[in-house]
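What follows is a single structure, written as structure tokens, with notes after it.
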Amino acid sequence: AKEGTGYSVNVPLTSGMTDDAYEKIFKPVMDKIMEVFRPGAIVLQCGADSLTGDRLGCFNLSLKGHAECVRYTKSFGVPTLVLGGGGYTIRNVARCWAYETSVLLDTKLPDEIPYNDYYEYYAPDFKLHLTPEQRENLNTEASMESVRIDLLTQLSGLRGAPSVGMGEVPPDFETIRESTRENDERTEAREVRDGDGENDGGSGDDVRGRGRTKDGKGERKDHEAELAG
């Protein structure tokens, strides 16, 4: 809805995202979100398709890097409902949810996966934690900094938390640009109307008494002299 403009924070990232790079953008943006929104509760969806080795996802996060976001969100001390989410390598989804449940409960889990009915799914190493792939992170320092600045600027433009008496939602950049263009066009139109010519009813017309000219001669008298001649 139009009234919700500016209240959704989307972070455009690309292939190869690592634990360190993700943490550098997640934490400052999350800090600002908590400062501006001041939520009474959080719903945190822990999609696992950002983990290394996912069949569809293109990030390269380890379980520990992914779970650090959960731990950091928990550190705000706000009531939090934690949900599962996407993930297309099933054994890694199970790893993720098990490990992040342990983070929420402050319980340490061994890296060795205990024998269970689905033990063969975790071959060949049968370990809980994942090793990130050796591939390039296409999210450069410059691109990450640009995204971080844009998001923090967007959040700084919001006036107060939605739950505590909102001010007017600031317009987005395209709305501001369009409004400025319309104002410029209206100004130009007024200038054209005001300067079309002399004695055409515009604001720049010469104002004189009826029947007089600029040199002070009476128009009617000069006209009658012409007729008489």
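Identifiers in the structure tokens: chain A, B, ... in order shown; residue index from 1 per chain; ligand index from 1 in order shown.
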**Item:** Per-residue DSSP, stretch 36-145 of chain A, filtered to alpha helix (DSSP H), as a ChimeraX atom specification
**Value:** /A:36-37,63-74,90-104,141-145
**Request:** For stretch 9-14 of chain A, please output as a ChimeraX atom specification all residues within 12 Å (counting only C-alpha atoms; exclusion window: fewer than 4 positions along the same chain).
**Result:** /A:4-5,18,21-22,25-26,29-30,32-33,37,50,57-60,136-141,143-155,158
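Of the residues listed (A:Val70, A:Gly16, A:Val78, A:Gly6), A:Val78 shows the shortest atom-to-atom separation from A:Pro39; distances use only C-alpha atoms.
Put simply, atom CA of A:Asp117 is 18.7 Å away from atom CA of A:Tyr99.
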**Test item: residues at most 8 Å from A:Ile42, only C-alpha atoms, excluding those fewer than 5 positions along its chain, as a list in words** = Val78, Pro79, Thr80 and Leu81 of chain A
For the residues in that selection, give me all heavy atoms as an mmCIF file, in the first residue's frame.
data_model
loop_
_atom_site.group_PDB
_atom_site.id
_atom_site.type_symbol
_atom_site.label_atom_id
_atom_site.label_comp_id
_atom_site.auth_asym_id
_atom_site.auth_seq_id
_atom_site.Cartn_x
_atom_site.Cartn_y
_atom_site.Cartn_z
ATOM 1 N N VAL A 78 14.086 -8.722 22.605
ATOM 2 C CA VAL A 78 12.689 -8.513 22.228
ATOM 3 C C VAL A 78 12.047 -9.882 21.993
ATOM 4 O O VAL A 78 12.680 -10.766 21.406
ATOM 5 C CB VAL A 78 12.606 -7.662 20.937
ATOM 6 C CG1 VAL A 78 11.174 -7.534 20.451
ATOM 7 C CG2 VAL A 78 13.211 -6.286 21.191
ATOM 8 N N PRO A 79 10.801 -10.114 22.452
ATOM 9 C CA PRO A 79 10.141 -11.399 22.175
ATOM 10 C C PRO A 79 10.208 -11.734 20.686
ATOM 11 O O PRO A 79 9.863 -10.906 19.845
ATOM 12 C CB PRO A 79 8.697 -11.147 22.636
ATOM 13 C CG PRO A 79 8.823 -10.097 23.697
ATOM 14 C CD PRO A 79 9.948 -9.200 23.233
ATOM 15 N N THR A 80 10.675 -12.938 20.366
ATOM 16 C CA THR A 80 10.948 -13.296 18.976
ATOM 17 C C THR A 80 10.342 -14.650 18.622
ATOM 18 O O THR A 80 10.535 -15.640 19.340
ATOM 19 C CB THR A 80 12.467 -13.337 18.715
ATOM 20 O OG1 THR A 80 13.038 -12.060 19.036
ATOM 21 C CG2 THR A 80 12.767 -13.649 17.264
ATOM 22 N N LEU A 81 9.610 -14.679 17.516
ATOM 23 C CA LEU A 81 9.084 -15.922 16.969
ATOM 24 C C LEU A 81 9.986 -16.315 15.802
ATOM 25 O O LEU A 81 10.121 -15.567 14.833
ATOM 26 C CB LEU A 81 7.649 -15.722 16.462
ATOM 27 C CG LEU A 81 7.010 -16.906 15.726
ATOM 28 C CD1 LEU A 81 6.877 -18.108 16.648
ATOM 29 C CD2 LEU A 81 5.647 -16.507 15.155
#
